[in-house]
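The file coords_5.cif comes next; it holds mmCIF, C-alpha atoms and all ligand atoms.
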```cif
data_structure
#
loop_
_atom_site.label_atom_id
_atom_site.label_comp_id
_atom_site.auth_asym_id
_atom_site.auth_seq_id
_atom_site.Cartn_x
_atom_site.Cartn_y
_atom_site.Cartn_z
CA MET B 1 112.13 70.21 135.00
CA GLU B 2 112.89 70.79 131.29
CA ASN B 3 115.77 72.90 130.01
CA ILE B 4 113.82 74.23 127.02
CA ILE B 5 110.20 73.91 125.99
CA ILE B 6 109.41 74.85 122.39
CA ILE B 7 105.80 75.69 121.51
CA GLY B 8 104.86 75.32 117.83
CA SER B 9 105.42 72.97 114.91
CA GLY B 10 106.38 74.98 111.81
CA PRO B 11 109.84 75.63 110.33
CA ALA B 12 110.71 78.01 113.21
CA ALA B 13 109.88 75.55 116.03
CA HIS B 14 111.64 72.58 114.43
CA THR B 15 114.74 74.56 113.47
CA ALA B 16 114.98 75.75 117.09
CA ALA B 17 114.52 72.10 118.15
CA ILE B 18 117.20 70.79 115.77
CA TYR B 19 119.75 73.29 117.06
CA THR B 20 118.96 72.85 120.77
CA SER B 21 118.85 69.05 120.43
CA ARG B 22 122.24 68.99 118.73
CA ALA B 23 123.59 71.25 121.50
CA LYS B 24 122.39 68.60 124.03
CA PHE B 25 119.72 70.73 125.70
CA ASP B 26 117.18 67.91 125.19
CA PRO B 27 114.21 70.13 124.18
CA LEU B 28 110.56 69.19 124.61
CA LEU B 29 108.34 70.44 121.77
CA PHE B 30 104.55 70.87 121.87
CA GLU B 31 103.34 70.62 118.27
CA GLY B 32 99.65 71.36 118.93
CA LEU B 33 96.49 69.51 117.99
CA MET B 34 94.87 71.68 115.26
CA ALA B 35 96.09 74.70 117.24
CA GLY B 36 95.11 77.97 115.54
CA GLY B 37 92.97 75.85 113.19
CA VAL B 38 96.07 74.41 111.47
CA ALA B 39 97.47 70.85 111.66
CA ALA B 40 100.78 70.13 113.36
CA GLY B 41 103.41 71.19 110.85
CA GLY B 42 101.98 74.67 110.53
CA GLN B 43 100.96 76.78 107.56
CA LEU B 44 102.94 74.78 105.00
CA THR B 45 100.61 71.84 105.59
CA THR B 46 97.91 73.96 103.89
CA THR B 47 99.78 74.47 100.62
CA THR B 48 100.82 72.40 97.62
CA GLU B 49 104.17 73.16 95.99
CA VAL B 50 106.94 75.07 97.80
CA GLU B 51 109.44 76.29 95.22
CA ASN B 52 111.44 78.85 97.20
CA PHE B 53 112.83 76.80 100.10
CA PRO B 54 116.53 76.24 99.32
CA GLY B 55 117.67 72.66 98.77
CA PHE B 56 114.80 71.48 96.59
CA PRO B 57 115.58 72.35 92.94
CA ASN B 58 112.38 70.64 91.77
CA GLY B 59 110.21 72.07 94.56
CA ILE B 60 108.59 70.01 97.29
CA SER B 61 105.03 69.78 98.60
CA GLY B 62 104.39 71.75 101.79
CA PRO B 63 103.28 68.70 103.85
CA GLU B 64 106.29 66.66 102.63
CA LEU B 65 108.69 69.47 103.51
CA MET B 66 107.22 69.64 107.02
CA ASP B 67 107.31 65.82 107.40
CA ASN B 68 111.02 65.94 106.49
CA ILE B 69 111.75 68.81 108.87
CA ARG B 70 109.90 67.03 111.71
CA ALA B 71 111.75 63.74 110.99
CA GLN B 72 115.10 65.58 111.10
CA SER B 73 114.08 67.19 114.39
CA VAL B 74 113.17 63.77 115.90
CA LYS B 75 116.39 62.24 114.56
CA CYS B 76 118.37 64.94 116.35
CA GLY B 77 116.66 63.97 119.61
CA THR B 78 113.66 66.32 119.95
CA ARG B 79 110.91 64.90 122.15
CA ILE B 80 107.50 65.83 120.70
CA LYS B 81 104.10 65.95 122.39
CA THR B 82 101.02 66.28 120.17
CA LEU B 83 99.33 68.67 122.57
CA THR B 84 98.20 72.28 122.35
CA VAL B 85 99.52 74.63 125.00
CA ASN B 86 96.43 76.19 126.55
CA ARG B 87 98.20 78.71 128.76
CA VAL B 88 101.54 79.60 130.29
CA ASP B 89 102.75 81.21 133.50
CA LEU B 90 105.71 83.50 132.84
CA ASN B 91 105.51 85.44 136.09
CA LYS B 92 108.10 83.34 137.90
CA LYS B 93 110.82 80.80 137.09
CA PRO B 94 110.69 78.02 136.18
CA PHE B 95 108.13 78.95 133.52
CA LYS B 96 104.98 76.81 133.51
CA VAL B 97 103.23 75.40 130.45
CA TYR B 98 99.68 74.02 130.77
CA THR B 99 98.10 71.41 128.48
CA ASP B 100 95.10 69.04 128.62
CA GLU B 101 97.54 66.41 129.94
CA GLY B 102 98.95 68.42 132.80
CA GLU B 103 101.56 71.07 133.48
CA PHE B 104 105.24 71.21 132.54
CA ALA B 105 108.06 73.42 133.84
CA ALA B 106 111.06 74.79 131.93
CA LYS B 107 114.07 77.03 132.48
CA ALA B 108 113.63 78.61 129.02
CA LEU B 109 110.79 78.86 126.52
CA ILE B 110 110.77 79.30 122.76
CA VAL B 111 107.45 80.48 121.32
CA ALA B 112 107.03 79.60 117.63
CA THR B 113 103.26 79.35 117.29
CA GLY B 114 103.02 81.14 113.95
CA ALA B 115 100.10 83.03 112.51
CA THR B 116 96.99 81.96 110.65
CA ALA B 117 95.96 83.67 107.40
CA LYS B 118 92.42 84.97 107.71
CA ARG B 119 89.88 83.39 105.39
CA LEU B 120 86.60 84.86 104.13
CA ASN B 121 84.46 81.70 103.92
CA ILE B 122 82.93 82.70 100.58
CA THR B 123 81.00 80.17 98.50
CA GLY B 124 83.46 77.90 96.63
CA GLU B 125 86.42 78.78 98.89
CA GLU B 126 86.92 75.22 100.14
CA THR B 127 86.65 73.78 96.61
CA PHE B 128 89.21 76.12 95.06
CA TRP B 129 91.60 76.59 98.00
CA GLN B 130 95.07 76.09 96.48
CA ARG B 131 93.35 75.44 93.14
CA GLY B 132 93.15 79.12 92.24
CA ILE B 133 92.70 80.64 95.69
CA SER B 134 95.76 81.36 97.84
CA ALA B 135 96.66 83.38 100.90
CA CYS B 136 100.24 83.98 99.79
CA ALA B 137 101.09 85.69 96.49
CA VAL B 138 104.82 85.74 97.21
CA CYS B 139 104.71 81.95 97.72
CA ASP B 140 102.33 80.94 94.94
CA GLY B 141 102.30 83.79 92.39
CA ALA B 142 105.02 82.32 90.20
CA LEU B 143 103.21 78.98 89.75
CA PRO B 144 102.37 78.22 86.09
CA ILE B 145 98.58 78.27 86.74
CA TYR B 146 98.77 82.02 87.45
CA ARG B 147 100.98 83.07 84.49
CA ASN B 148 99.61 85.68 82.05
CA LYS B 149 96.13 85.57 83.59
CA ILE B 150 93.97 88.25 85.17
CA LEU B 151 94.45 87.80 88.93
CA ALA B 152 92.48 89.33 91.81
CA VAL B 153 93.68 90.36 95.25
CA ILE B 154 91.26 91.08 98.12
CA GLY B 155 92.29 93.68 100.71
CA GLY B 156 93.30 97.29 101.05
CA GLY B 157 96.27 97.11 103.42
CA ASP B 158 100.02 97.13 102.82
CA THR B 159 100.03 93.36 102.29
CA ALA B 160 97.35 93.59 99.58
CA ILE B 161 99.37 96.18 97.68
CA GLU B 162 102.60 94.31 98.15
CA GLU B 163 100.95 91.13 96.85
CA ALA B 164 99.22 92.92 93.94
CA THR B 165 102.50 94.56 92.93
CA HIS B 166 104.32 91.23 93.16
CA LEU B 167 101.67 89.54 91.00
CA THR B 168 102.02 92.14 88.21
CA LYS B 169 105.27 90.32 87.33
CA TYR B 170 103.29 87.27 86.25
CA ALA B 171 99.73 88.46 85.56
CA SER B 172 98.31 90.20 82.51
CA LYS B 173 96.36 92.41 84.93
CA VAL B 174 95.69 92.52 88.69
CA LEU B 175 92.31 93.53 90.11
CA LEU B 176 92.61 94.94 93.64
CA ILE B 177 89.24 94.40 95.28
CA VAL B 178 88.72 96.79 98.19
CA ARG B 179 85.65 96.72 100.41
CA ARG B 180 85.67 100.49 101.04
CA ASP B 181 86.46 103.50 98.83
CA VAL B 182 89.80 104.08 100.58
CA LEU B 183 92.90 102.03 101.17
CA ARG B 184 94.16 101.27 104.67
CA ALA B 185 97.72 101.01 103.32
CA SER B 186 100.45 103.60 103.94
CA LYS B 187 100.62 106.59 101.57
CA ALA B 188 103.79 105.28 99.91
CA MET B 189 102.18 101.90 99.20
CA GLN B 190 98.97 103.58 97.97
CA GLU B 191 101.01 105.54 95.45
CA LYS B 192 102.69 102.33 94.34
CA ALA B 193 99.28 100.79 93.58
CA MET B 194 97.80 103.87 91.92
CA THR B 195 100.76 104.37 89.58
CA ASN B 196 101.08 100.73 88.51
CA LYS B 197 99.33 100.47 85.13
CA LYS B 198 98.75 96.75 85.60
CA ILE B 199 96.69 97.24 88.79
CA GLU B 200 92.99 98.08 88.45
CA MET B 201 91.13 99.19 91.57
CA ILE B 202 87.69 97.69 92.20
CA TRP B 203 86.29 99.87 95.00
CA ASN B 204 83.41 99.26 97.43
CA SER B 205 83.34 95.61 96.54
CA ASN B 206 83.09 92.22 98.20
CA VAL B 207 83.78 88.89 96.56
CA LEU B 208 80.73 86.65 97.04
CA GLU B 209 81.63 83.48 95.21
CA ALA B 210 84.49 81.57 93.62
CA ILE B 211 83.42 79.76 90.45
CA GLY B 212 85.19 77.27 88.20
CA ASP B 213 85.57 73.69 87.11
CA LYS B 214 88.86 71.95 88.00
CA SER B 215 90.34 75.28 89.08
CA LEU B 216 89.05 78.79 89.66
CA SER B 217 88.00 80.71 86.55
CA LYS B 218 85.56 83.40 87.71
CA ILE B 219 84.53 85.38 90.78
CA LYS B 220 81.20 86.96 91.60
CA VAL B 221 81.66 90.43 93.05
CA LEU B 222 79.08 92.67 94.76
CA ASN B 223 79.37 96.45 94.63
CA ASN B 224 78.20 97.26 98.14
CA LYS B 225 77.21 100.84 97.14
CA THR B 226 75.10 100.06 94.08
CA ASN B 227 74.14 96.48 95.08
CA GLN B 228 75.10 95.36 91.54
CA GLU B 229 76.72 91.96 91.09
CA LYS B 230 79.35 91.38 88.41
CA ILE B 231 81.27 88.33 87.21
CA PHE B 232 85.03 88.76 86.61
CA GLU B 233 87.05 86.18 84.68
CA VAL B 234 90.17 85.51 86.77
CA GLY B 235 92.84 82.82 86.92
CA GLY B 236 93.60 83.37 90.58
CA LEU B 237 92.27 84.97 93.75
CA PHE B 238 94.65 86.02 96.51
CA TYR B 239 93.49 86.84 100.04
CA ALA B 240 95.34 89.65 101.79
CA VAL B 241 92.89 90.41 104.56
CA GLY B 242 95.31 90.00 107.44
CA HIS B 243 96.74 87.25 109.61
CA THR B 244 95.96 86.30 113.19
CA PRO B 245 99.11 85.61 115.23
CA ASN B 246 98.63 82.63 117.56
CA THR B 247 99.29 84.50 120.81
CA ALA B 248 95.95 84.31 122.70
CA PHE B 249 97.32 81.54 124.97
CA LEU B 250 99.99 83.97 126.26
CA ASP B 251 97.29 86.07 127.95
CA ASN B 252 99.35 89.27 127.45
CA GLN B 253 102.26 88.01 129.57
CA LEU B 254 104.61 88.98 126.73
CA LYS B 255 104.59 92.43 125.11
CA LEU B 256 102.57 92.30 121.89
CA ASP B 257 102.10 94.92 119.17
CA GLU B 258 98.72 96.37 118.24
CA PHE B 259 98.00 93.38 115.94
CA GLY B 260 98.89 90.76 118.59
CA TYR B 261 102.39 89.85 117.28
CA ILE B 262 105.11 89.25 119.90
CA ILE B 263 107.57 92.15 120.08
CA THR B 264 111.20 90.99 119.94
CA LYS B 265 114.27 93.12 120.50
CA PRO B 266 115.57 93.96 117.00
CA GLY B 267 118.36 91.65 115.85
CA THR B 268 117.53 89.07 118.55
CA THR B 269 114.66 86.76 119.55
CA ASP B 270 114.48 88.23 123.07
CA THR B 271 110.95 89.00 124.25
CA SER B 272 109.86 91.23 127.13
CA VAL B 273 110.46 88.33 129.56
CA CYS B 274 114.07 87.25 130.11
CA GLY B 275 114.38 83.54 129.22
CA VAL B 276 111.44 83.55 126.81
CA PHE B 277 112.32 83.73 123.10
CA ALA B 278 110.08 84.09 120.04
CA CYS B 279 110.70 83.15 116.41
CA GLY B 280 108.89 82.73 113.13
CA ASP B 281 105.66 84.36 111.99
CA VAL B 282 104.39 84.88 115.54
CA GLN B 283 106.87 87.78 115.79
CA ASP B 284 107.16 88.69 112.10
CA LYS B 285 104.39 90.38 110.19
CA LYS B 286 106.73 91.56 107.45
CA TYR B 287 108.59 88.66 105.79
CA ARG B 288 106.37 85.66 106.67
CA GLN B 289 108.33 83.02 104.72
CA ALA B 290 109.32 79.48 105.68
CA ILE B 291 113.01 80.27 105.29
CA THR B 292 112.87 83.43 107.42
CA ALA B 293 110.89 81.48 110.05
CA ALA B 294 113.55 78.75 110.02
CA GLY B 295 116.33 81.36 110.23
CA SER B 296 114.78 83.00 113.26
CA GLY B 297 114.28 79.53 114.80
CA CYS B 298 118.04 79.10 114.63
CA MET B 299 118.49 82.51 116.26
CA ALA B 300 116.07 81.58 119.09
CA ALA B 301 117.97 78.34 119.73
CA LEU B 302 121.31 80.15 119.95
CA ASP B 303 119.81 82.90 122.16
CA ALA B 304 118.23 80.28 124.47
CA GLU B 305 121.47 78.23 124.64
CA LYS B 306 123.44 81.35 125.61
CA TYR B 307 120.83 82.26 128.23
CA LEU B 308 120.91 78.77 129.78
CA SER B 309 124.71 78.60 129.76
CA GLU B 310 125.00 81.98 131.48
CA ALA B 311 122.23 81.12 133.99
CA LYS B 312 124.18 78.05 135.22
P1 LIG C 1 103.61 78.19 111.34
O1 LIG C 1 103.92 77.49 110.07
O2 LIG C 1 102.55 79.22 111.36
O3 LIG C 1 103.26 77.02 112.39
C1 LIG C 1 102.97 77.28 113.70
C2 LIG C 1 102.17 76.09 114.20
O4 LIG C 1 102.35 75.94 115.61
C3 LIG C 1 100.66 76.25 114.07
O5 LIG C 1 100.20 76.08 112.77
C4 LIG C 1 100.18 75.17 115.02
O6 LIG C 1 100.22 73.90 114.39
C5 LIG C 1 101.23 75.25 116.14
N1 LIG C 1 100.67 75.97 117.31
C6 LIG C 1 100.03 77.19 117.30
N2 LIG C 1 99.63 77.49 118.55
C7 LIG C 1 100.02 76.46 119.35
C8 LIG C 1 99.87 76.18 120.74
N3 LIG C 1 99.23 77.03 121.56
N4 LIG C 1 100.37 75.03 121.21
C9 LIG C 1 101.02 74.16 120.39
N5 LIG C 1 101.18 74.37 119.07
C10 LIG C 1 100.69 75.50 118.56
N6 LIG C 1 106.43 80.30 102.75
C11 LIG C 1 107.43 80.03 101.90
O7 LIG C 1 108.59 80.30 102.21
N7 LIG C 1 107.21 79.40 100.71
C12 LIG C 1 105.96 79.03 100.31
O8 LIG C 1 105.77 78.50 99.21
C13 LIG C 1 104.87 79.30 101.20
N8 LIG C 1 103.60 78.97 100.86
C14 LIG C 1 102.59 79.26 101.70
C15 LIG C 1 101.28 78.93 101.33
C16 LIG C 1 100.22 79.21 102.17
C17 LIG C 1 98.82 78.85 101.74
C18 LIG C 1 100.46 79.86 103.42
C19 LIG C 1 99.31 80.16 104.36
C20 LIG C 1 101.75 80.20 103.80
C21 LIG C 1 102.82 79.93 102.95
N9 LIG C 1 104.12 80.27 103.27
C22 LIG C 1 105.16 79.96 102.43
C23 LIG C 1 104.43 80.96 104.52
C24 LIG C 1 104.99 79.94 105.53
O9 LIG C 1 104.09 78.86 105.60
C25 LIG C 1 105.14 80.59 106.89
O10 LIG C 1 105.95 81.75 106.79
C26 LIG C 1 105.81 79.61 107.85
O11 LIG C 1 105.09 78.40 107.90
C27 LIG C 1 105.88 80.20 109.25
O12 LIG C 1 106.45 79.24 110.06
P2 LIG C 1 106.33 79.27 111.64
O13 LIG C 1 107.28 78.21 112.11
O14 LIG C 1 106.49 80.64 112.16
O15 LIG C 1 104.87 78.84 112.04
P1 LIG C 2 95.75 95.09 107.61
O1 LIG C 2 96.51 96.35 107.64
O2 LIG C 2 94.94 94.67 108.79
O3 LIG C 2 94.77 95.20 106.34
C1 LIG C 2 93.82 94.21 106.08
C2 LIG C 2 93.00 94.67 104.89
O4 LIG C 2 92.05 93.67 104.59
C3 LIG C 2 92.23 95.98 105.14
O5 LIG C 2 92.21 96.78 103.98
C4 LIG C 2 90.83 95.45 105.45
O6 LIG C 2 89.80 96.35 105.05
C5 LIG C 2 90.76 94.23 104.55
N1 LIG C 2 89.82 93.26 105.07
C6 LIG C 2 89.79 92.71 106.31
N2 LIG C 2 88.75 91.85 106.41
C7 LIG C 2 88.14 91.86 105.20
C8 LIG C 2 87.01 91.19 104.67
N3 LIG C 2 86.31 90.34 105.42
N4 LIG C 2 86.64 91.44 103.39
C9 LIG C 2 87.35 92.30 102.62
N5 LIG C 2 88.43 92.98 103.06
C10 LIG C 2 88.82 92.75 104.34
O7 LIG C 2 96.68 93.82 107.27
P2 LIG C 2 98.00 93.75 106.40
O8 LIG C 2 97.83 94.48 105.13
O9 LIG C 2 98.35 92.30 106.36
O10 LIG C 2 99.09 94.51 107.29
C11 LIG C 2 99.35 94.12 108.65
C12 LIG C 2 100.47 94.99 109.20
O11 LIG C 2 101.69 94.68 108.50
C13 LIG C 2 100.27 96.49 109.00
O12 LIG C 2 100.85 97.16 110.09
C14 LIG C 2 101.05 96.80 107.76
O13 LIG C 2 101.45 98.16 107.70
C15 LIG C 2 102.24 95.87 107.91
N6 LIG C 2 102.83 95.54 106.61
C16 LIG C 2 103.78 96.40 106.09
C17 LIG C 2 104.34 96.16 104.86
C18 LIG C 2 105.35 97.10 104.30
O14 LIG C 2 105.56 98.13 104.89
N7 LIG C 2 105.98 96.79 103.21
C19 LIG C 2 103.94 95.04 104.11
C20 LIG C 2 102.97 94.19 104.64
C21 LIG C 2 102.42 94.46 105.88
P3 LIG C 2 89.50 97.71 105.88
O15 LIG C 2 90.61 98.65 105.53
O16 LIG C 2 88.18 98.12 105.34
O17 LIG C 2 89.46 97.32 107.32
#
```
Please go through the file and, once you have read it, give me the structure as structure tokens.
Ligand code: FAD
Ligand code: NAP
Amino acid sequence: MENIIIIGSGPAAHTAAIYTSRAKFDPLLFEGLMAGGVAAGGQLTTTTEVENFPGFPNGISGPELMDNIRAQSVKCGTRIKTLTVNRVDLNKKPFKVYTDEGEFAAKALIVATGATAKRLNITGEETFWQRGISACAVCDGALPIYRNKILAVIGGGDTAIEEATHLTKYASKVLLIVRRDVLRASKAMQEKAMTNKKIEMIWNSNVLEAIGDKSLSKIKVLNNKTNQEKIFEVGGLFYAVGHTPNTAFLDNQLKLDEFGYIITKPGTTDTSVCGVFACGDVQDKKYRQAITAAGSGCMAALDAEKYLSEAK
């Protein structure tokens, strides 16, 4: 039987692994095989430059950062299996973890399976992904390719407004493209968008196509009320249409919020099941940054270590 099984492969999972390995708990980590549609290493494997992770004054590519973090985790002693966890049994102890290569048992579990940014699959999306299209304005907005350009954000929720507001620091103008004639966002956030002179609302509209040469330069937008199509010149297109937390495999054995994120006790990584801890984006729909994921991975490790020491 394992002391600790860690499920996931992003900054949260590997930080938890580094800490629990160094504390001699000999963790076993399941990194997934294209779990949630993302390669082992998590969301950062889908991006280019990461400029806000401390320790890299010249930035570092997302895949390279994750390769380094994984190598550090292995060096500390983490045992890694490239398998996706299909389901778990949290009803009795030891907890059970099921994969295509059999079942595993553990005294404690750390869930760090992240979340996947929703995509729209519009024409040109694959071509211009990370070459003008991004799912993270806070991460990518400051990149030189987006400076002093007209940028577009798709979505009408709190994230869309937060991202649009953030982008006004760099953009000449931000188009907020909303598919209905109302915003889903909270009243306070709506007011923020409406009173920001740099944000222009484009109501009742869907983006049909991303157009460009080496990078994105235009988008084709359909007004779904008038059926009129219009081309907008933009230097960037940011998706803010929600994330899907990777929690389906838990089969509701942990308490989740209305969007499917794991609920943790504030200030801790404790979940609704004693001995099961959650960290990173799978329990955080607010901050969603590599460094906050890593920070909560450290918290999960320390919480799990304390739990195991007291359970002895
Ligand atoms: P994730 O990175 O989401 O990784 C979790 C991984 O666990 C999954 O991807 C999958 O591989 C694995 N997994 C899932 N389910 C299972 C399962 N059932 N079994 C086994 N394995 C499983 N943040 C920044 O701080 N700076 C940036 O510049 C930045 N740029 C970004 C650019 C893009 C395009 C995106 C999408 C995000 C960006 N972020 C950035 C956000 C950052 O990537 C996330 O906040 C961070 O990766 C979350 O880490 P995590 O450990 O919670 O999980
Ligand atoms: P969200 O509330 O689910 O909003 C997603 C938005 O994307 C909605 O406006 C939705 O339109 C739109 N959308 C979805 N699919 C689309 C598609 N195919 N084409 C065009 N538009 C599409 O997601 P979120 O904004 O990420 O917020 C998630 C949660 O985090 C919420 O509880 C939110 O309050 C919270 N949050 C809070 C803050 C904050 O308080 N500062 C910041 C960020 C997030 P419809 O409205 O038409 O469905």
Would you name the residues within 7 Å of ligand LIG 1 (chain C), counting all atoms listed in the file, and put them as a ChimeraX atom specification? /B:7-13,30-36,38-44,46-47,49-53,83-86,112-117,134-136,139-140,246,249,279-282,288-291,293-294
Let me see if you get this right: every residue at most 10 Å from ligand LIG 2 (chain C), counting only C-alpha atoms and all ligand atoms, written as number ranges by chain. B: 117-122, 153-163, 177-186, 188-189, 204-208, 239-244, 257-259, 261, 284-288
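We find CA of Ile145 in chain B and CA of Thr127 in chain B to be spaced 16.1 Å apart.
Residues in contact range of Ala301 in chain B, defined as at most 10 Å between all atoms listed in the file, with sequence neighbours fewer than 4 positions away removed, read B:Ile4, B:Ile6, B:Ala12, B:Ala13, B:Thr15, B:Ala16, B:Ala17, B:Ile18, B:Tyr19, B:Thr20, B:Ser21, B:Ala23, B:Phe25, B:Leu109, B:Ile110, B:Thr269, B:Phe277, B:Ala278, B:Cys279, B:Ser296, B:Gly297, B:Glu305, B:Lys306, B:Tyr307.
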Correct to one decimal, the distance CA of Tyr146 in chain B-CA of Gly295 in chain B is 28.8 Å
So, counting only C-alpha atoms, which residue among B:Lys214, B:Lys96, B:Lys197, B:His166 is closest to Phe128 in chain B? B:Lys214
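In this model, the gap between CA of Lys220 in chain B and CA of Lys169 in chain B comes to 24.7 Å.
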Would you kindly place N, CA, C and O atoms on range 257-275 of chain B and return the model as an mmCIF file, in the coordinates of the input?
```cif
data_model
loop_
_atom_site.group_PDB
_atom_site.id
_atom_site.type_symbol
_atom_site.label_atom_id
_atom_site.label_comp_id
_atom_site.auth_asym_id
_atom_site.auth_seq_id
_atom_site.Cartn_x
_atom_site.Cartn_y
_atom_site.Cartn_z
ATOM 1 N N ASP B 257 102.412 93.667 119.867
ATOM 2 C CA ASP B 257 102.100 94.920 119.170
ATOM 3 C C ASP B 257 100.593 95.045 119.015
ATOM 4 O O ASP B 257 99.835 94.178 119.457
ATOM 5 N N GLU B 258 100.160 96.110 118.334
ATOM 6 C CA GLU B 258 98.720 96.370 118.240
ATOM 7 C C GLU B 258 97.958 95.272 117.495
ATOM 8 O O GLU B 258 96.733 95.157 117.640
ATOM 9 N N PHE B 259 98.674 94.452 116.687
ATOM 10 C CA PHE B 259 98.000 93.380 115.940
ATOM 11 C C PHE B 259 98.104 92.036 116.665
ATOM 12 O O PHE B 259 97.645 91.013 116.160
ATOM 13 N N GLY B 260 98.787 92.009 117.832
ATOM 14 C CA GLY B 260 98.890 90.760 118.590
ATOM 15 C C GLY B 260 100.166 89.985 118.328
ATOM 16 O O GLY B 260 100.333 88.868 118.826
ATOM 17 N N TYR B 261 101.107 90.535 117.521
ATOM 18 C CA TYR B 261 102.390 89.850 117.280
ATOM 19 C C TYR B 261 103.322 90.100 118.473
ATOM 20 O O TYR B 261 103.330 91.195 119.065
ATOM 21 N N ILE B 262 104.147 89.100 118.810
ATOM 22 C CA ILE B 262 105.110 89.250 119.900
ATOM 23 C C ILE B 262 106.182 90.253 119.475
ATOM 24 O O ILE B 262 106.699 90.183 118.346
ATOM 25 N N ILE B 263 106.508 91.188 120.376
ATOM 26 C CA ILE B 263 107.570 92.150 120.080
ATOM 27 C C ILE B 263 108.900 91.539 120.531
ATOM 28 O O ILE B 263 109.044 91.126 121.686
ATOM 29 N N THR B 264 109.856 91.459 119.586
ATOM 30 C CA THR B 264 111.200 90.990 119.940
ATOM 31 C C THR B 264 112.175 92.156 119.790
ATOM 32 O O THR B 264 111.944 93.063 118.989
ATOM 33 N N LYS B 265 113.246 92.072 120.582
ATOM 34 C CA LYS B 265 114.270 93.120 120.500
ATOM 35 C C LYS B 265 114.967 92.990 119.138
ATOM 36 O O LYS B 265 115.414 91.884 118.788
ATOM 37 N N PRO B 266 115.020 94.077 118.354
ATOM 38 C CA PRO B 266 115.570 93.960 117.000
ATOM 39 C C PRO B 266 116.934 93.255 116.962
ATOM 40 O O PRO B 266 117.799 93.516 117.806
ATOM 41 N N GLY B 267 117.085 92.362 116.015
ATOM 42 C CA GLY B 267 118.360 91.650 115.850
ATOM 43 C C GLY B 267 118.514 90.456 116.780
ATOM 44 O O GLY B 267 119.536 89.766 116.741
ATOM 45 N N THR B 268 117.489 90.212 117.621
ATOM 46 C CA THR B 268 117.530 89.070 118.550
ATOM 47 C C THR B 268 116.146 88.405 118.557
ATOM 48 O O THR B 268 115.227 88.882 117.883
ATOM 49 N N THR B 269 115.994 87.348 119.360
ATOM 50 C CA THR B 269 114.660 86.760 119.550
ATOM 51 C C THR B 269 114.194 86.983 120.983
ATOM 52 O O THR B 269 113.260 86.335 121.451
ATOM 53 N N ASP B 270 114.843 87.914 121.678
ATOM 54 C CA ASP B 270 114.480 88.230 123.070
ATOM 55 C C ASP B 270 113.082 88.854 123.117
ATOM 56 O O ASP B 270 112.781 89.752 122.339
ATOM 57 N N THR B 271 112.267 88.386 124.047
ATOM 58 C CA THR B 271 110.950 89.000 124.250
ATOM 59 C C THR B 271 111.027 89.900 125.491
ATOM 60 O O THR B 271 112.112 90.112 126.042
ATOM 61 N N SER B 272 109.873 90.360 125.951
ATOM 62 C CA SER B 272 109.860 91.230 127.130
ATOM 63 C C SER B 272 110.139 90.469 128.426
ATOM 64 O O SER B 272 110.347 91.073 129.470
ATOM 65 N N VAL B 273 110.134 89.123 128.371
ATOM 66 C CA VAL B 273 110.460 88.330 129.560
ATOM 67 C C VAL B 273 111.789 87.608 129.339
ATOM 68 O O VAL B 273 111.941 86.856 128.358
ATOM 69 N N CYS B 274 112.743 87.853 130.223
ATOM 70 C CA CYS B 274 114.070 87.250 130.110
ATOM 71 C C CYS B 274 113.937 85.719 130.197
ATOM 72 O O CYS B 274 113.285 85.198 131.118
ATOM 73 N N GLY B 275 114.489 85.005 129.221
ATOM 74 C CA GLY B 275 114.380 83.540 129.220
ATOM 75 C C GLY B 275 113.283 83.025 128.305
ATOM 76 O O GLY B 275 113.167 81.822 128.105
#
```
